[in-house]
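A.B. asks: Sharing input.txt here; it has compact mmCIF, N, CA and C atoms.
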```
# COMPACT_ATOMS: atom_id res chain seq x y z
N MET A 77 -17.22 -18.49 -4.28
CA MET A 77 -15.77 -18.54 -4.26
C MET A 77 -15.23 -17.11 -4.12
N VAL A 78 -14.23 -16.96 -3.27
CA VAL A 78 -13.65 -15.64 -3.03
C VAL A 78 -12.65 -15.31 -4.12
N ASP A 79 -12.81 -14.14 -4.67
CA ASP A 79 -11.89 -13.64 -5.69
C ASP A 79 -10.54 -13.34 -5.04
N GLY A 80 -9.45 -13.69 -5.71
CA GLY A 80 -8.12 -13.44 -5.17
C GLY A 80 -7.85 -11.96 -4.96
N LEU A 81 -8.35 -11.12 -5.86
CA LEU A 81 -8.19 -9.68 -5.70
C LEU A 81 -8.95 -9.17 -4.49
N LEU A 82 -10.12 -9.74 -4.25
CA LEU A 82 -10.92 -9.33 -3.10
C LEU A 82 -10.24 -9.74 -1.79
N ALA A 83 -9.66 -10.92 -1.76
CA ALA A 83 -8.92 -11.36 -0.58
C ALA A 83 -7.70 -10.48 -0.36
N GLY A 84 -7.03 -10.10 -1.44
CA GLY A 84 -5.88 -9.19 -1.33
C GLY A 84 -6.29 -7.82 -0.84
N LEU A 85 -7.45 -7.36 -1.29
CA LEU A 85 -7.97 -6.07 -0.82
C LEU A 85 -8.22 -6.12 0.68
N PHE A 86 -8.86 -7.18 1.14
CA PHE A 86 -9.12 -7.33 2.57
C PHE A 86 -7.82 -7.38 3.36
N ALA A 87 -6.88 -8.21 2.92
CA ALA A 87 -5.61 -8.36 3.64
C ALA A 87 -4.84 -7.05 3.67
N GLY A 88 -4.78 -6.36 2.55
CA GLY A 88 -4.06 -5.09 2.50
C GLY A 88 -4.68 -4.03 3.39
N ILE A 89 -5.99 -3.93 3.38
CA ILE A 89 -6.66 -2.93 4.22
C ILE A 89 -6.56 -3.31 5.69
N PHE A 90 -6.64 -4.59 5.99
CA PHE A 90 -6.46 -5.04 7.37
C PHE A 90 -5.07 -4.67 7.87
N LEU A 91 -4.04 -4.93 7.09
CA LEU A 91 -2.67 -4.58 7.48
C LEU A 91 -2.47 -3.07 7.57
N ALA A 92 -3.10 -2.33 6.69
CA ALA A 92 -2.98 -0.87 6.74
C ALA A 92 -3.59 -0.31 8.02
N ALA A 93 -4.57 -1.01 8.56
CA ALA A 93 -5.22 -0.55 9.80
C ALA A 93 -4.50 -1.05 11.04
N THR A 94 -3.49 -1.91 10.87
CA THR A 94 -2.79 -2.44 12.04
C THR A 94 -1.33 -2.04 12.02
N ILE A 95 -0.46 -2.91 11.51
CA ILE A 95 0.98 -2.73 11.70
C ILE A 95 1.70 -2.05 10.54
N LEU A 96 1.09 -1.91 9.41
CA LEU A 96 1.74 -1.28 8.26
C LEU A 96 0.95 -0.06 7.81
N PRO A 97 1.14 1.06 8.46
CA PRO A 97 0.35 2.23 8.09
C PRO A 97 0.72 2.75 6.71
N PHE A 98 -0.18 2.63 5.79
CA PHE A 98 -0.02 3.18 4.44
C PHE A 98 -1.41 3.53 3.92
N PRO A 99 -1.48 4.36 2.91
CA PRO A 99 -2.80 4.77 2.40
C PRO A 99 -3.49 3.62 1.66
N PHE A 100 -4.51 3.07 2.29
CA PHE A 100 -5.21 1.92 1.71
C PHE A 100 -6.07 2.32 0.51
N GLU A 101 -6.27 3.61 0.31
CA GLU A 101 -7.09 4.06 -0.80
C GLU A 101 -6.53 3.61 -2.14
N VAL A 102 -5.20 3.46 -2.21
CA VAL A 102 -4.56 3.00 -3.44
C VAL A 102 -5.05 1.59 -3.76
N LEU A 103 -5.13 0.74 -2.76
CA LEU A 103 -5.63 -0.62 -2.97
C LEU A 103 -7.09 -0.61 -3.40
N PHE A 104 -7.87 0.22 -2.74
CA PHE A 104 -9.29 0.28 -3.02
C PHE A 104 -9.56 0.75 -4.45
N VAL A 105 -8.89 1.81 -4.84
CA VAL A 105 -9.07 2.34 -6.21
C VAL A 105 -8.55 1.35 -7.24
N SER A 106 -7.43 0.69 -6.95
CA SER A 106 -6.90 -0.32 -7.88
C SER A 106 -7.89 -1.46 -8.08
N TYR A 107 -8.50 -1.89 -6.99
CA TYR A 107 -9.49 -2.96 -7.12
C TYR A 107 -10.68 -2.48 -7.96
N LEU A 108 -11.13 -1.27 -7.71
CA LEU A 108 -12.27 -0.77 -8.48
C LEU A 108 -11.94 -0.58 -9.95
N LEU A 109 -10.69 -0.25 -10.26
CA LEU A 109 -10.31 -0.14 -11.67
C LEU A 109 -10.31 -1.52 -12.34
N ALA A 110 -9.95 -2.56 -11.58
CA ALA A 110 -9.96 -3.92 -12.13
C ALA A 110 -11.36 -4.51 -12.20
N ARG A 111 -12.20 -4.17 -11.22
CA ARG A 111 -13.56 -4.71 -11.14
C ARG A 111 -14.55 -3.57 -10.88
N PRO A 112 -14.84 -2.74 -11.86
CA PRO A 112 -15.71 -1.57 -11.61
C PRO A 112 -17.15 -1.93 -11.26
N ASP A 113 -17.58 -3.14 -11.55
CA ASP A 113 -18.96 -3.54 -11.25
C ASP A 113 -19.13 -4.02 -9.81
N SER A 114 -18.06 -4.05 -9.03
CA SER A 114 -18.12 -4.59 -7.67
C SER A 114 -17.95 -3.51 -6.60
N LEU A 115 -18.51 -2.35 -6.82
CA LEU A 115 -18.32 -1.24 -5.88
C LEU A 115 -18.82 -1.59 -4.48
N TRP A 116 -20.05 -2.08 -4.37
CA TRP A 116 -20.62 -2.31 -3.05
C TRP A 116 -19.95 -3.47 -2.32
N LEU A 117 -19.57 -4.50 -3.07
CA LEU A 117 -18.84 -5.61 -2.47
C LEU A 117 -17.47 -5.15 -1.97
N ALA A 118 -16.78 -4.36 -2.78
CA ALA A 118 -15.47 -3.83 -2.38
C ALA A 118 -15.60 -2.92 -1.17
N LEU A 119 -16.63 -2.11 -1.14
CA LEU A 119 -16.85 -1.22 0.00
C LEU A 119 -17.13 -2.02 1.28
N ALA A 120 -17.91 -3.08 1.17
CA ALA A 120 -18.19 -3.92 2.34
C ALA A 120 -16.93 -4.63 2.83
N VAL A 121 -16.13 -5.14 1.91
CA VAL A 121 -14.89 -5.82 2.29
C VAL A 121 -13.90 -4.84 2.90
N ALA A 122 -13.78 -3.65 2.31
CA ALA A 122 -12.87 -2.64 2.84
C ALA A 122 -13.30 -2.18 4.23
N THR A 123 -14.58 -1.99 4.42
CA THR A 123 -15.09 -1.58 5.73
C THR A 123 -14.84 -2.65 6.78
N THR A 124 -15.08 -3.90 6.42
CA THR A 124 -14.85 -5.01 7.34
C THR A 124 -13.37 -5.13 7.69
N GLY A 125 -12.50 -5.06 6.69
CA GLY A 125 -11.07 -5.16 6.93
C GLY A 125 -10.55 -4.03 7.79
N ASN A 126 -11.01 -2.82 7.54
CA ASN A 126 -10.58 -1.66 8.32
C ASN A 126 -11.08 -1.75 9.76
N THR A 127 -12.32 -2.18 9.94
CA THR A 127 -12.88 -2.31 11.29
C THR A 127 -12.15 -3.39 12.08
N LEU A 128 -11.95 -4.56 11.47
CA LEU A 128 -11.23 -5.63 12.16
C LEU A 128 -9.78 -5.25 12.44
N GLY A 129 -9.17 -4.50 11.53
CA GLY A 129 -7.80 -4.04 11.76
C GLY A 129 -7.73 -3.07 12.93
N GLY A 130 -8.69 -2.18 13.02
CA GLY A 130 -8.74 -1.25 14.15
C GLY A 130 -8.97 -1.96 15.46
N MET A 131 -9.83 -2.98 15.44
CA MET A 131 -10.09 -3.75 16.66
C MET A 131 -8.85 -4.53 17.08
N THR A 132 -8.10 -5.03 16.10
CA THR A 132 -6.87 -5.76 16.39
C THR A 132 -5.83 -4.83 17.00
N THR A 133 -5.72 -3.62 16.46
CA THR A 133 -4.79 -2.64 17.02
C THR A 133 -5.17 -2.31 18.45
N TYR A 134 -6.44 -2.13 18.72
CA TYR A 134 -6.90 -1.87 20.07
C TYR A 134 -6.54 -3.02 21.00
N LEU A 135 -6.75 -4.26 20.55
CA LEU A 135 -6.43 -5.43 21.35
C LEU A 135 -4.93 -5.50 21.63
N MET A 136 -4.11 -5.21 20.63
CA MET A 136 -2.66 -5.21 20.85
C MET A 136 -2.27 -4.17 21.89
N GLY A 137 -2.90 -3.02 21.86
CA GLY A 137 -2.63 -1.99 22.85
C GLY A 137 -3.06 -2.40 24.25
N ARG A 138 -4.16 -3.11 24.35
CA ARG A 138 -4.62 -3.59 25.66
C ARG A 138 -3.67 -4.64 26.21
N MET A 139 -3.06 -5.43 25.35
CA MET A 139 -2.15 -6.47 25.80
C MET A 139 -0.84 -5.88 26.34
N VAL A 140 -0.45 -4.72 25.87
CA VAL A 140 0.81 -4.10 26.26
C VAL A 140 0.63 -3.20 27.49
N LYS A 141 -0.59 -2.87 27.82
CA LYS A 141 -0.87 -1.84 28.81
C LYS A 141 -0.14 -2.02 30.14
N GLY A 142 -0.09 -3.22 30.71
CA GLY A 142 0.48 -3.42 32.02
C GLY A 142 1.99 -3.57 32.05
N ARG A 143 2.63 -3.60 30.91
CA ARG A 143 4.07 -3.83 30.86
C ARG A 143 4.84 -2.52 31.00
N GLU A 144 6.04 -2.64 31.55
CA GLU A 144 6.90 -1.47 31.66
C GLU A 144 7.58 -1.21 30.32
N LEU A 145 7.75 0.05 30.02
CA LEU A 145 8.42 0.43 28.78
C LEU A 145 9.89 0.67 29.04
N SER A 146 10.69 0.44 28.04
CA SER A 146 12.12 0.69 28.16
C SER A 146 12.36 2.20 28.21
N PRO A 147 13.51 2.60 28.73
CA PRO A 147 13.82 4.04 28.76
C PRO A 147 13.82 4.67 27.37
N ARG A 148 14.27 3.90 26.38
CA ARG A 148 14.28 4.42 25.00
C ARG A 148 12.85 4.67 24.51
N ALA A 149 11.96 3.72 24.79
CA ALA A 149 10.57 3.88 24.38
C ALA A 149 9.93 5.07 25.09
N LEU A 150 10.23 5.25 26.37
CA LEU A 150 9.69 6.40 27.10
C LEU A 150 10.17 7.72 26.51
N LYS A 151 11.46 7.77 26.11
CA LYS A 151 11.99 8.98 25.48
C LYS A 151 11.25 9.29 24.17
N LEU A 152 11.01 8.25 23.37
CA LEU A 152 10.30 8.45 22.11
C LEU A 152 8.88 8.94 22.35
N ILE A 153 8.21 8.38 23.35
CA ILE A 153 6.84 8.81 23.65
C ILE A 153 6.83 10.24 24.16
N GLU A 154 7.79 10.60 25.00
CA GLU A 154 7.86 11.96 25.49
C GLU A 154 8.13 12.95 24.35
N ARG A 155 8.92 12.52 23.39
CA ARG A 155 9.28 13.43 22.28
C ARG A 155 8.16 13.53 21.24
N TRP A 156 7.62 12.38 20.84
CA TRP A 156 6.67 12.36 19.72
C TRP A 156 5.23 12.12 20.13
N GLY A 157 4.99 11.73 21.38
CA GLY A 157 3.63 11.44 21.82
C GLY A 157 3.34 9.95 21.67
N PRO A 158 2.24 9.49 22.23
CA PRO A 158 1.92 8.07 22.13
C PRO A 158 1.55 7.68 20.71
N PRO A 159 1.81 6.42 20.34
CA PRO A 159 1.49 5.98 18.97
C PRO A 159 -0.01 5.94 18.72
```
Have the structure of the file written as structure tokens, please.
C.D. replies:
Amino acid sequence: MVDGLLAGLFAGIFLAATILPFPFEVLFVSYLLARPDSLWLALAVATTGNTLGGMTTYLMGRMVKGRELSPRALKLIERWGPP
């Protein structure tokens, strides 16, 4: 059975690697403080969530590649660089 905290750790790290950029280390350390005996399991879940999140971000970028950007988006990219 999957622990609710472990599922939350996976979901939070997955989101941190995709659309909600925030420091996922806070989630990881919080989980380890709650379950200090689960270091390797937490590390495996965090690695999986981060990898899948990165792959999802890559896929989202590939889906947008052929579309034209609005003038506002082009201005932002010219000013700040690509996301």
A.B. asks: So how far away is atom CA of Met131 of chain A from atom C of Tyr107 of chain A, in Å?
C.D. replies: 24.7 Å
A.B. asks: List every residue of chain A that DSSP, applied to the backbone of this structure, assigns to alpha helix (DSSP H), and report them as an mmCIF file with N, CA and C atoms, keeping the file's coordinate frame.
C.D. replies:
```cif
data_model
loop_
_atom_site.group_PDB
_atom_site.id
_atom_site.type_symbol
_atom_site.label_atom_id
_atom_site.label_comp_id
_atom_site.auth_asym_id
_atom_site.auth_seq_id
_atom_site.Cartn_x
_atom_site.Cartn_y
_atom_site.Cartn_z
ATOM 1 N N GLY A 80 -9.450 -13.690 -5.710
ATOM 2 C CA GLY A 80 -8.120 -13.440 -5.170
ATOM 3 C C GLY A 80 -7.850 -11.960 -4.960
ATOM 4 N N LEU A 81 -8.350 -11.120 -5.860
ATOM 5 C CA LEU A 81 -8.190 -9.680 -5.700
ATOM 6 C C LEU A 81 -8.950 -9.170 -4.490
ATOM 7 N N LEU A 82 -10.120 -9.740 -4.250
ATOM 8 C CA LEU A 82 -10.920 -9.330 -3.100
ATOM 9 C C LEU A 82 -10.240 -9.740 -1.790
ATOM 10 N N ALA A 83 -9.660 -10.920 -1.760
ATOM 11 C CA ALA A 83 -8.920 -11.360 -0.580
ATOM 12 C C ALA A 83 -7.700 -10.480 -0.360
ATOM 13 N N GLY A 84 -7.030 -10.100 -1.440
ATOM 14 C CA GLY A 84 -5.880 -9.190 -1.330
ATOM 15 C C GLY A 84 -6.290 -7.820 -0.840
ATOM 16 N N LEU A 85 -7.450 -7.360 -1.290
ATOM 17 C CA LEU A 85 -7.970 -6.070 -0.820
ATOM 18 C C LEU A 85 -8.220 -6.120 0.680
ATOM 19 N N PHE A 86 -8.860 -7.180 1.140
ATOM 20 C CA PHE A 86 -9.120 -7.330 2.570
ATOM 21 C C PHE A 86 -7.820 -7.380 3.360
ATOM 22 N N ALA A 87 -6.880 -8.210 2.920
ATOM 23 C CA ALA A 87 -5.610 -8.360 3.640
ATOM 24 C C ALA A 87 -4.840 -7.050 3.670
ATOM 25 N N GLY A 88 -4.780 -6.360 2.550
ATOM 26 C CA GLY A 88 -4.060 -5.090 2.500
ATOM 27 C C GLY A 88 -4.680 -4.030 3.390
ATOM 28 N N ILE A 89 -5.990 -3.930 3.380
ATOM 29 C CA ILE A 89 -6.660 -2.930 4.220
ATOM 30 C C ILE A 89 -6.560 -3.310 5.690
ATOM 31 N N PHE A 90 -6.640 -4.590 5.990
ATOM 32 C CA PHE A 90 -6.460 -5.040 7.370
ATOM 33 C C PHE A 90 -5.070 -4.670 7.870
ATOM 34 N N LEU A 91 -4.040 -4.930 7.090
ATOM 35 C CA LEU A 91 -2.670 -4.580 7.480
ATOM 36 C C LEU A 91 -2.470 -3.070 7.570
ATOM 37 N N ALA A 92 -3.100 -2.330 6.690
ATOM 38 C CA ALA A 92 -2.980 -0.870 6.740
ATOM 39 C C ALA A 92 -3.590 -0.310 8.020
ATOM 40 N N GLU A 101 -6.270 3.610 0.310
ATOM 41 C CA GLU A 101 -7.090 4.060 -0.800
ATOM 42 C C GLU A 101 -6.530 3.610 -2.140
ATOM 43 N N VAL A 102 -5.200 3.460 -2.210
ATOM 44 C CA VAL A 102 -4.560 3.000 -3.440
ATOM 45 C C VAL A 102 -5.050 1.590 -3.760
ATOM 46 N N LEU A 103 -5.130 0.740 -2.760
ATOM 47 C CA LEU A 103 -5.630 -0.620 -2.970
ATOM 48 C C LEU A 103 -7.090 -0.610 -3.400
ATOM 49 N N PHE A 104 -7.870 0.220 -2.740
ATOM 50 C CA PHE A 104 -9.290 0.280 -3.020
ATOM 51 C C PHE A 104 -9.560 0.750 -4.450
ATOM 52 N N VAL A 105 -8.890 1.810 -4.840
ATOM 53 C CA VAL A 105 -9.070 2.340 -6.210
ATOM 54 C C VAL A 105 -8.550 1.350 -7.240
ATOM 55 N N SER A 106 -7.430 0.690 -6.950
ATOM 56 C CA SER A 106 -6.900 -0.320 -7.880
ATOM 57 C C SER A 106 -7.890 -1.460 -8.080
ATOM 58 N N TYR A 107 -8.500 -1.890 -6.990
ATOM 59 C CA TYR A 107 -9.490 -2.960 -7.120
ATOM 60 C C TYR A 107 -10.680 -2.480 -7.960
ATOM 61 N N LEU A 108 -11.130 -1.270 -7.710
ATOM 62 C CA LEU A 108 -12.270 -0.770 -8.480
ATOM 63 C C LEU A 108 -11.940 -0.580 -9.950
ATOM 64 N N LEU A 109 -10.690 -0.250 -10.260
ATOM 65 C CA LEU A 109 -10.310 -0.140 -11.670
ATOM 66 C C LEU A 109 -10.310 -1.520 -12.340
ATOM 67 N N ALA A 110 -9.950 -2.560 -11.580
ATOM 68 C CA ALA A 110 -9.960 -3.920 -12.130
ATOM 69 C C ALA A 110 -11.360 -4.510 -12.200
ATOM 70 N N LEU A 115 -18.510 -2.350 -6.820
ATOM 71 C CA LEU A 115 -18.320 -1.240 -5.880
ATOM 72 C C LEU A 115 -18.820 -1.590 -4.480
ATOM 73 N N TRP A 116 -20.050 -2.080 -4.370
ATOM 74 C CA TRP A 116 -20.620 -2.310 -3.050
ATOM 75 C C TRP A 116 -19.950 -3.470 -2.320
ATOM 76 N N LEU A 117 -19.570 -4.500 -3.070
ATOM 77 C CA LEU A 117 -18.840 -5.610 -2.470
ATOM 78 C C LEU A 117 -17.470 -5.150 -1.970
ATOM 79 N N ALA A 118 -16.780 -4.360 -2.780
ATOM 80 C CA ALA A 118 -15.470 -3.830 -2.380
ATOM 81 C C ALA A 118 -15.600 -2.920 -1.170
ATOM 82 N N LEU A 119 -16.630 -2.110 -1.140
ATOM 83 C CA LEU A 119 -16.850 -1.220 0.000
ATOM 84 C C LEU A 119 -17.130 -2.020 1.280
ATOM 85 N N ALA A 120 -17.910 -3.080 1.170
ATOM 86 C CA ALA A 120 -18.190 -3.920 2.340
ATOM 87 C C ALA A 120 -16.930 -4.630 2.830
ATOM 88 N N VAL A 121 -16.130 -5.140 1.910
ATOM 89 C CA VAL A 121 -14.890 -5.820 2.290
ATOM 90 C C VAL A 121 -13.900 -4.840 2.900
ATOM 91 N N ALA A 122 -13.780 -3.650 2.310
ATOM 92 C CA ALA A 122 -12.870 -2.640 2.840
ATOM 93 C C ALA A 122 -13.300 -2.180 4.230
ATOM 94 N N THR A 123 -14.580 -1.990 4.420
ATOM 95 C CA THR A 123 -15.090 -1.580 5.730
ATOM 96 C C THR A 123 -14.840 -2.650 6.780
ATOM 97 N N THR A 124 -15.080 -3.900 6.420
ATOM 98 C CA THR A 124 -14.850 -5.010 7.340
ATOM 99 C C THR A 124 -13.370 -5.130 7.690
ATOM 100 N N GLY A 125 -12.500 -5.060 6.690
ATOM 101 C CA GLY A 125 -11.070 -5.160 6.930
ATOM 102 C C GLY A 125 -10.550 -4.030 7.790
ATOM 103 N N ASN A 126 -11.010 -2.820 7.540
ATOM 104 C CA ASN A 126 -10.580 -1.660 8.320
ATOM 105 C C ASN A 126 -11.080 -1.750 9.760
ATOM 106 N N THR A 127 -12.320 -2.180 9.940
ATOM 107 C CA THR A 127 -12.880 -2.310 11.290
ATOM 108 C C THR A 127 -12.150 -3.390 12.080
ATOM 109 N N LEU A 128 -11.950 -4.560 11.470
ATOM 110 C CA LEU A 128 -11.230 -5.630 12.160
ATOM 111 C C LEU A 128 -9.780 -5.250 12.440
ATOM 112 N N GLY A 129 -9.170 -4.500 11.530
ATOM 113 C CA GLY A 129 -7.800 -4.040 11.760
ATOM 114 C C GLY A 129 -7.730 -3.070 12.930
ATOM 115 N N GLY A 130 -8.690 -2.180 13.020
ATOM 116 C CA GLY A 130 -8.740 -1.250 14.150
ATOM 117 C C GLY A 130 -8.970 -1.960 15.460
ATOM 118 N N MET A 131 -9.830 -2.980 15.440
ATOM 119 C CA MET A 131 -10.090 -3.750 16.660
ATOM 120 C C MET A 131 -8.850 -4.530 17.080
ATOM 121 N N THR A 132 -8.100 -5.030 16.100
ATOM 122 C CA THR A 132 -6.870 -5.760 16.390
ATOM 123 C C THR A 132 -5.830 -4.830 17.000
ATOM 124 N N THR A 133 -5.720 -3.620 16.460
ATOM 125 C CA THR A 133 -4.790 -2.640 17.020
ATOM 126 C C THR A 133 -5.170 -2.310 18.450
ATOM 127 N N TYR A 134 -6.440 -2.130 18.720
ATOM 128 C CA TYR A 134 -6.900 -1.870 20.070
ATOM 129 C C TYR A 134 -6.540 -3.020 21.000
ATOM 130 N N LEU A 135 -6.750 -4.260 20.550
ATOM 131 C CA LEU A 135 -6.430 -5.430 21.350
ATOM 132 C C LEU A 135 -4.930 -5.500 21.630
ATOM 133 N N MET A 136 -4.110 -5.210 20.630
ATOM 134 C CA MET A 136 -2.660 -5.210 20.850
ATOM 135 C C MET A 136 -2.270 -4.170 21.890
ATOM 136 N N GLY A 137 -2.900 -3.020 21.860
ATOM 137 C CA GLY A 137 -2.630 -1.990 22.850
ATOM 138 C C GLY A 137 -3.060 -2.400 24.250
ATOM 139 N N ARG A 138 -4.160 -3.110 24.350
ATOM 140 C CA ARG A 138 -4.620 -3.590 25.660
ATOM 141 C C ARG A 138 -3.670 -4.640 26.210
ATOM 142 N N MET A 139 -3.060 -5.430 25.350
ATOM 143 C CA MET A 139 -2.150 -6.470 25.800
ATOM 144 C C MET A 139 -0.840 -5.880 26.340
ATOM 145 N N VAL A 140 -0.450 -4.720 25.870
ATOM 146 C CA VAL A 140 0.810 -4.100 26.260
ATOM 147 C C VAL A 140 0.630 -3.200 27.490
ATOM 148 N N PRO A 147 13.510 2.600 28.730
ATOM 149 C CA PRO A 147 13.820 4.040 28.760
ATOM 150 C C PRO A 147 13.820 4.670 27.370
ATOM 151 N N ARG A 148 14.270 3.900 26.380
ATOM 152 C CA ARG A 148 14.280 4.420 25.000
ATOM 153 C C ARG A 148 12.850 4.670 24.510
ATOM 154 N N ALA A 149 11.960 3.720 24.790
ATOM 155 C CA ALA A 149 10.570 3.880 24.380
ATOM 156 C C ALA A 149 9.930 5.070 25.090
ATOM 157 N N LEU A 150 10.230 5.250 26.370
ATOM 158 C CA LEU A 150 9.690 6.400 27.100
ATOM 159 C C LEU A 150 10.170 7.720 26.510
ATOM 160 N N LYS A 151 11.460 7.770 26.110
ATOM 161 C CA LYS A 151 11.990 8.980 25.480
ATOM 162 C C LYS A 151 11.250 9.290 24.170
ATOM 163 N N LEU A 152 11.010 8.250 23.370
ATOM 164 C CA LEU A 152 10.300 8.450 22.110
ATOM 165 C C LEU A 152 8.880 8.940 22.350
ATOM 166 N N ILE A 153 8.210 8.380 23.350
ATOM 167 C CA ILE A 153 6.840 8.810 23.650
ATOM 168 C C ILE A 153 6.830 10.240 24.160
ATOM 169 N N GLU A 154 7.790 10.600 25.000
ATOM 170 C CA GLU A 154 7.860 11.960 25.490
ATOM 171 C C GLU A 154 8.130 12.950 24.350
ATOM 172 N N ARG A 155 8.920 12.520 23.390
ATOM 173 C CA ARG A 155 9.280 13.430 22.280
ATOM 174 C C ARG A 155 8.160 13.530 21.240
ATOM 175 N N TRP A 156 7.620 12.380 20.840
ATOM 176 C CA TRP A 156 6.670 12.360 19.720
ATOM 177 C C TRP A 156 5.230 12.120 20.130
#
```
A.B. asks: Please report the interatomic distance between atom C of Phe98 of chain A and atom CA of Trp156 of chain A in Å with one decimal.
C.D. replies: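 Distance between the two atoms: 19.8 Å.
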A.B. asks: How many Å lie between atom N of Arg111 of chain A and atom CA of Leu82 of chain A, rounded to one decimal?
C.D. replies: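 Going from atom N of Arg111 of chain A over to atom CA of Leu82 of chain A, I get 9.7 Å.
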A.B. asks: Here is a test: counting only C-alpha atoms, which residue of A:Ile153, A:Leu85, A:Leu145, A:Leu135 is nearest to Ala110 of chain A?
C.D. replies: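 Comparing A:Ile153, A:Leu85, A:Leu145, A:Leu135 against Ala110 of chain A, the winner is A:Leu85.
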A.B. asks: Tell me which of A:Pro99, A:Gly157, A:Asp79, A:Ile89 sits closest to Val121 of chain A, counting all atoms listed in the file.
C.D. replies: A:Ile89
A.B. asks: If you take every atom of segment 109-119 of chain A that the file lists and fit an axis-aligned box around them with 8 Å extra on each side, what centre and edge lengths come out in Å to one decimal, as JSON?
C.D. replies:
```
{"center_x": -15.3, "center_y": -2.9, "center_z": -5.5, "size_x": 26.7, "size_y": 21.5, "size_z": 29.6}
```
A.B. asks: Counting only C-alpha atoms, which residue out of A:Ser114, A:Thr94, A:Leu103, A:Gly88 sits closest to Gly129 of chain A?
C.D. replies: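 Nearest to Gly129 of chain A: A:Thr94.
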A.B. asks: Please provide the set of residues having any atom within 8 Å of Phe90 of chain A, restricted to all atoms listed in the file, with same-chain residues fewer than 2 positions apart removed, written as a list in words.
C.D. replies: Gly84, Leu85, Phe86, Ala87, Gly88, Ala92, Ala93, Thr94, Ile95, Leu96, Phe100, Val121, Ala122, Thr124, Gly125, Asn126, Thr127, Leu128, Gly129 and Gly130 of chain A
